[in-house]
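K.L.:
Next comes run-v2.json, JSON, C-alpha atoms:
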[["chain", "number", "residue", "atom", "x", "y", "z"],
["L", 1, "MET", "CA", 77.31, 126.34, 69.01],
["L", 2, "PRO", "CA", 74.01, 125.59, 70.78],
["L", 3, "MET", "CA", 73.10, 127.66, 73.80],
["L", 4, "LEU", "CA", 73.46, 125.75, 77.07],
["L", 5, "ASN", "CA", 70.37, 125.67, 79.25],
["L", 6, "ARG", "CA", 70.39, 125.94, 83.02],
["L", 7, "GLN", "CA", 69.94, 122.20, 83.61],
["L", 8, "THR", "CA", 72.89, 121.33, 81.34],
["L", 9, "CYS", "CA", 75.11, 123.83, 83.15],
["L", 10, "LEU", "CA", 74.02, 122.50, 86.55],
["L", 11, "ALA", "CA", 74.64, 118.90, 85.45],
["L", 12, "PHE", "CA", 78.11, 119.84, 84.16],
["L", 13, "PHE", "CA", 78.96, 121.66, 87.41],
["L", 14, "LEU", "CA", 77.77, 118.75, 89.56],
["L", 15, "GLY", "CA", 79.76, 116.33, 87.39],
["L", 16, "LEU", "CA", 82.87, 118.46, 87.88],
["L", 17, "VAL", "CA", 82.37, 118.53, 91.64],
["L", 18, "LEU", "CA", 81.96, 114.76, 91.73],
["L", 19, "CYS", "CA", 85.09, 114.27, 89.61],
["L", 20, "LEU", "CA", 87.08, 116.41, 92.00],
["L", 21, "ALA", "CA", 85.68, 114.67, 95.07],
["L", 22, "ALA", "CA", 85.97, 111.10, 93.83],
["L", 23, "GLY", "CA", 89.22, 111.15, 91.82],
["L", 24, "GLN", "CA", 92.66, 110.05, 92.96],
["L", 25, "VAL", "CA", 95.69, 112.34, 93.43],
["L", 26, "ALA", "CA", 97.96, 111.90, 90.44],
["L", 27, "ALA", "CA", 101.41, 110.43, 91.11],
["L", 28, "GLN", "CA", 104.14, 113.03, 91.49],
["L", 29, "GLN", "CA", 101.63, 115.87, 91.84],
["L", 30, "THR", "CA", 103.47, 119.12, 92.59],
["L", 31, "GLY", "CA", 102.53, 122.50, 93.92],
["L", 32, "VAL", "CA", 103.95, 125.83, 95.07],
["L", 33, "VAL", "CA", 103.60, 127.08, 98.64],
["L", 34, "LYS", "CA", 101.85, 130.47, 98.81],
["L", 35, "ASN", "CA", 103.16, 131.68, 102.22],
["L", 36, "ASP", "CA", 105.76, 130.69, 104.80],
["L", 37, "GLY", "CA", 104.24, 127.99, 106.98],
["L", 38, "VAL", "CA", 104.59, 125.14, 109.44],
["L", 39, "LEU", "CA", 104.68, 121.47, 108.44],
["L", 40, "ARG", "CA", 102.53, 119.44, 110.85],
["L", 41, "ALA", "CA", 102.91, 115.78, 111.92],
["L", 42, "ASP", "CA", 99.18, 115.16, 111.30],
["L", 43, "PRO", "CA", 96.40, 116.94, 109.38],
["L", 44, "SER", "CA", 95.41, 119.14, 112.30],
["L", 45, "ALA", "CA", 96.16, 122.73, 113.30],
["L", 46, "THR", "CA", 97.13, 121.48, 116.78],
["L", 47, "ALA", "CA", 99.49, 118.72, 115.58],
["L", 48, "ALA", "CA", 103.19, 118.93, 116.43],
["L", 49, "SER", "CA", 105.46, 120.88, 114.08],
["L", 50, "VAL", "CA", 107.89, 118.74, 112.07],
["L", 51, "GLY", "CA", 109.46, 121.59, 110.11],
["L", 52, "SER", "CA", 108.70, 124.66, 108.07],
["L", 53, "VAL", "CA", 108.18, 125.54, 104.46],
["L", 54, "SER", "CA", 108.99, 128.80, 102.69],
["L", 55, "ALA", "CA", 106.77, 130.80, 100.35],
["L", 56, "ASN", "CA", 107.26, 129.98, 96.65],
["L", 57, "SER", "CA", 108.84, 126.60, 97.47],
["L", 58, "LYS", "CA", 108.02, 123.83, 94.99],
["L", 59, "VAL", "CA", 106.66, 120.81, 96.86],
["L", 60, "GLU", "CA", 105.59, 117.26, 96.06],
["L", 61, "ILE", "CA", 101.99, 116.46, 97.07],
["L", 62, "LEU", "CA", 101.83, 112.98, 98.59],
["L", 63, "ASP", "CA", 98.31, 112.70, 100.02],
["L", 64, "ARG", "CA", 95.16, 114.63, 100.92],
["L", 65, "LYS", "CA", 92.81, 114.33, 103.87],
["L", 66, "ALA", "CA", 89.83, 116.66, 103.98],
["L", 67, "PHE", "CA", 91.30, 120.17, 103.52],
["L", 68, "TRP", "CA", 94.90, 119.15, 104.31],
["L", 69, "LEU", "CA", 97.74, 118.13, 101.96],
["L", 70, "LYS", "CA", 100.68, 115.92, 102.91],
["L", 71, "ILE", "CA", 103.70, 117.41, 101.16],
["L", 72, "ARG", "CA", 107.43, 116.82, 100.86],
["L", 73, "SER", "CA", 109.65, 119.89, 100.86],
["L", 74, "ASN", "CA", 113.45, 119.70, 100.88],
["L", 75, "GLY", "CA", 113.37, 116.16, 102.28],
["L", 76, "THR", "CA", 110.90, 116.97, 105.08],
["L", 77, "THR", "CA", 107.39, 115.52, 104.97],
["L", 78, "GLY", "CA", 104.41, 117.04, 106.76],
["L", 79, "TRP", "CA", 100.86, 118.35, 106.50],
["L", 80, "VAL", "CA", 99.71, 121.85, 105.48],
["L", 81, "LYS", "CA", 96.29, 123.34, 104.77],
["L", 82, "MET", "CA", 95.27, 122.81, 101.15],
["L", 83, "SER", "CA", 94.57, 126.53, 100.79],
["L", 84, "SER", "CA", 98.27, 127.29, 101.34],
["L", 85, "VAL", "CA", 99.43, 125.39, 98.23],
["L", 86, "ALA", "CA", 98.82, 126.32, 94.59],
["L", 87, "THR", "CA", 98.50, 123.02, 92.71],
["L", 88, "GLU", "CA", 98.95, 122.01, 89.08],
["L", 89, "GLY", "CA", 97.23, 124.54, 86.84],
["L", 90, "GLY", "CA", 96.74, 126.97, 89.75],
["L", 91, "SER", "CA", 98.75, 129.78, 91.25],
["L", 92, "ALA", "CA", 98.82, 131.86, 94.37],
["L", 93, "GLY", "CA", 97.15, 134.67, 92.44],
["L", 94, "ASN", "CA", 94.40, 132.47, 90.99],
["L", 95, "PRO", "CA", 91.55, 132.20, 93.49],
["L", 96, "GLY", "CA", 89.68, 129.96, 91.08],
["L", 97, "ALA", "CA", 92.22, 127.19, 91.46],
["L", 98, "LEU", "CA", 91.42, 124.21, 93.66],
["L", 99, "ALA", "CA", 94.08, 125.35, 96.10],
["L", 100, "GLY", "CA", 92.17, 128.60, 96.59],
["L", 101, "LEU", "CA", 89.64, 126.89, 98.82],
["L", 102, "ALA", "CA", 89.51, 128.35, 102.29],
["L", 103, "THR", "CA", 88.39, 126.10, 105.08],
["L", 104, "GLY", "CA", 87.31, 128.33, 107.91],
["L", 105, "ARG", "CA", 88.63, 131.00, 110.21],
["L", 106, "LEU", "CA", 92.14, 132.01, 109.27],
["L", 107, "GLY", "CA", 94.37, 134.23, 111.37],
["L", 108, "SER", "CA", 93.03, 137.28, 113.14],
["L", 109, "GLY", "CA", 90.88, 138.39, 110.18],
["L", 110, "ASN", "CA", 88.30, 135.67, 110.91],
["L", 111, "ILE", "CA", 87.74, 135.06, 107.22],
["L", 112, "VAL", "CA", 85.07, 132.40, 106.87],
["L", 113, "SER", "CA", 84.00, 130.32, 103.90],
["L", 114, "ALA", "CA", 81.81, 127.27, 103.57],
["L", 115, "SER", "CA", 81.87, 124.25, 101.29],
["L", 116, "GLY", "CA", 78.63, 122.51, 100.37],
["L", 117, "THR", "CA", 78.67, 118.76, 100.86],
["L", 118, "ARG", "CA", 75.00, 117.83, 100.81],
["L", 119, "GLY", "CA", 74.46, 114.13, 100.18],
["L", 120, "LEU", "CA", 78.00, 113.05, 101.10],
["L", 121, "SER", "CA", 78.71, 111.06, 104.24],
["L", 122, "SER", "CA", 81.56, 111.97, 106.58],
["L", 123, "GLU", "CA", 83.44, 108.85, 105.40],
["L", 124, "GLU", "CA", 83.06, 109.92, 101.75],
["L", 125, "LEU", "CA", 84.38, 113.37, 102.64],
["L", 126, "LYS", "CA", 87.36, 111.94, 104.54],
["L", 127, "SER", "CA", 88.33, 109.65, 101.68],
["L", 128, "ALA", "CA", 87.67, 112.12, 98.84],
["L", 129, "ARG", "CA", 90.57, 112.78, 96.48],
["L", 130, "PRO", "CA", 90.74, 115.48, 93.78],
["L", 131, "ASN", "CA", 91.04, 114.42, 90.16],
["L", 132, "PHE", "CA", 93.68, 116.81, 88.84],
["L", 133, "ALA", "CA", 93.50, 115.41, 85.30],
["L", 134, "SER", "CA", 89.79, 116.28, 85.11],
["L", 135, "LEU", "CA", 90.44, 119.70, 86.61],
["L", 136, "LYS", "CA", 93.11, 120.40, 83.99],
["L", 137, "GLN", "CA", 90.72, 119.22, 81.25],
["L", 138, "VAL", "CA", 87.97, 121.58, 82.48],
["L", 139, "GLN", "CA", 90.45, 124.47, 82.79],
["L", 140, "GLY", "CA", 91.36, 123.81, 79.14],
["L", 141, "MET", "CA", 87.73, 124.52, 78.21],
["L", 142, "ALA", "CA", 87.99, 128.14, 79.37],
["L", 143, "ILE", "CA", 87.28, 130.77, 76.74],
["L", 144, "SER", "CA", 88.38, 134.37, 76.39],
["L", 145, "GLY", "CA", 86.18, 137.38, 76.99],
["L", 146, "GLU", "CA", 86.18, 138.00, 73.24],
["L", 147, "GLU", "CA", 84.92, 134.45, 72.55],
["L", 148, "ALA", "CA", 82.23, 134.88, 75.21],
["L", 149, "SER", "CA", 81.12, 138.16, 73.60],
["L", 150, "ARG", "CA", 80.86, 136.49, 70.17],
["L", 151, "PHE", "CA", 78.81, 133.65, 71.71],
["L", 152, "ALA", "CA", 76.48, 136.15, 73.41],
["L", 153, "ALA", "CA", 76.03, 138.12, 70.19],
["L", 154, "ALA", "CA", 75.30, 134.94, 68.20],
["L", 155, "GLY", "CA", 72.64, 134.01, 70.77],
["L", 156, "GLY", "CA", 71.03, 137.45, 70.67],
["L", 157, "LEU", "CA", 72.03, 138.25, 74.27],
["L", 158, "MET", "CA", 72.21, 141.93, 75.16],
["L", 159, "THR", "CA", 73.88, 143.87, 77.97],
["L", 160, "ARG", "CA", 71.50, 145.19, 80.61],
["L", 161, "SER", "CA", 72.31, 147.77, 83.24],
["L", 162, "ILE", "CA", 70.70, 147.09, 86.61],
["L", 163, "GLU", "CA", 70.51, 149.81, 89.23],
["L", 164, "TYR", "CA", 71.93, 149.12, 92.67],
["L", 165, "VAL", "CA", 69.11, 148.48, 95.16],
["L", 166, "ARG", "CA", 69.60, 150.31, 98.44],
["L", 167, "PRO", "CA", 68.03, 148.86, 101.61],
["L", 168, "THR", "CA", 65.19, 150.84, 103.13],
["L", 169, "VAL", "CA", 66.04, 152.48, 106.44],
["L", 170, "PRO", "CA", 63.32, 153.07, 109.05],
["L", 171, "ALA", "CA", 62.63, 156.72, 109.92],
["L", 172, "GLY", "CA", 65.17, 158.06, 112.43],
["L", 173, "ALA", "CA", 67.60, 155.15, 111.97],
["L", 174, "GLN", "CA", 71.14, 155.56, 110.63],
["L", 175, "PRO", "CA", 71.95, 153.75, 107.38],
["L", 176, "PRO", "CA", 74.55, 151.01, 108.09],
["L", 177, "ASP", "CA", 77.25, 152.69, 106.00],
["L", 178, "SER", "CA", 76.88, 156.23, 107.33],
["L", 179, "THR", "CA", 78.56, 158.08, 110.14],
["L", 180, "PRO", "CA", 76.29, 159.65, 112.80],
["L", 181, "ALA", "CA", 76.01, 163.41, 112.45],
["L", 182, "THR", "CA", 77.70, 165.56, 115.10],
["L", 183, "ASN", "CA", 76.19, 168.78, 116.46]]
Kindly return the structure encoded in the file as structure tokens.
P.N.:
Amino acid sequence: MPMLNRQTCLAFFLGLVLCLAAGQVAAQQTGVVKNDGVLRADPSATAASVGSVSANSKVEILDRKAFWLKIRSNGTTGWVKMSSVATEGGSAGNPGALAGLATGRLGSGNIVSASGTRGLSSEELKSARPNFASLKQVQGMAISGEEASRFAAAGGLMTRSIEYVRPTVPAGAQPPDSTPATN
């Protein structure tokens, strides 16, 4: 198996991103809700509540707008954040799944993440749809740690240990992770 160079890997990654952004939601796409939540009338955190959904409920995914999914759960239809639903091929415990995307500040923990969208217009972002068939195909290309080790050995790659680099602290200043000394 030939070794992949950096440009090939980058081209593959960009192709995957474009497939996810430009594809259409497959008919009868399903998912599982990660946590108890509120179904909203519109894809907005301030939209009126139209019902609720329980953790581990299987739902039908009807549409997607930005980082929101329109779902049907027990006969009730509404919008939830995409990050609250594990979709086909994903699970609540799999942060690598598409549903693992976080979209900003959540709850009181103020967890923040960012998504890069350079080169896409706001209209392209609003109309983007994930291509779940392509995602499943790419997930099928995953290899085990043992296969990765064999590939590395065949390519002459070797393990290197790199020491942790500690930041320099000006004289008299407290390191950021230390507790001030008491007298």
K.L.:
Would you work out the distance separating atom CA of Arg40 of chain L from atom CA of Arg72 of chain L, expressed in Å to one decimal?
P.N.:
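Atom CA of Arg72 of chain L lies at a distance of 11.4 Å from atom CA of Arg40 of chain L.
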K.L.:
Which one of L:Ser52, L:Ser44, L:Gln139, L:Ser121 sits closest to Thr76 of chain L if you count only C-alpha atoms?
P.N.:
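The closest residue to Thr76 of chain L is L:Ser52.
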K.L.:
Give me, please, the distance in Å between atom CA of Ser127 of chain L and atom CA of Asp42 of chain L, quoted to one decimal.
P.N.:
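Going from atom CA of Ser127 of chain L over to atom CA of Asp42 of chain L covers 15.5 Å.
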K.L.:
Which one of L:Thr30, L:Thr168, L:Ser122, L:Ser134 sits closest to Lys65 of chain L if you count all atoms listed in the file?
P.N.:
L:Ser122
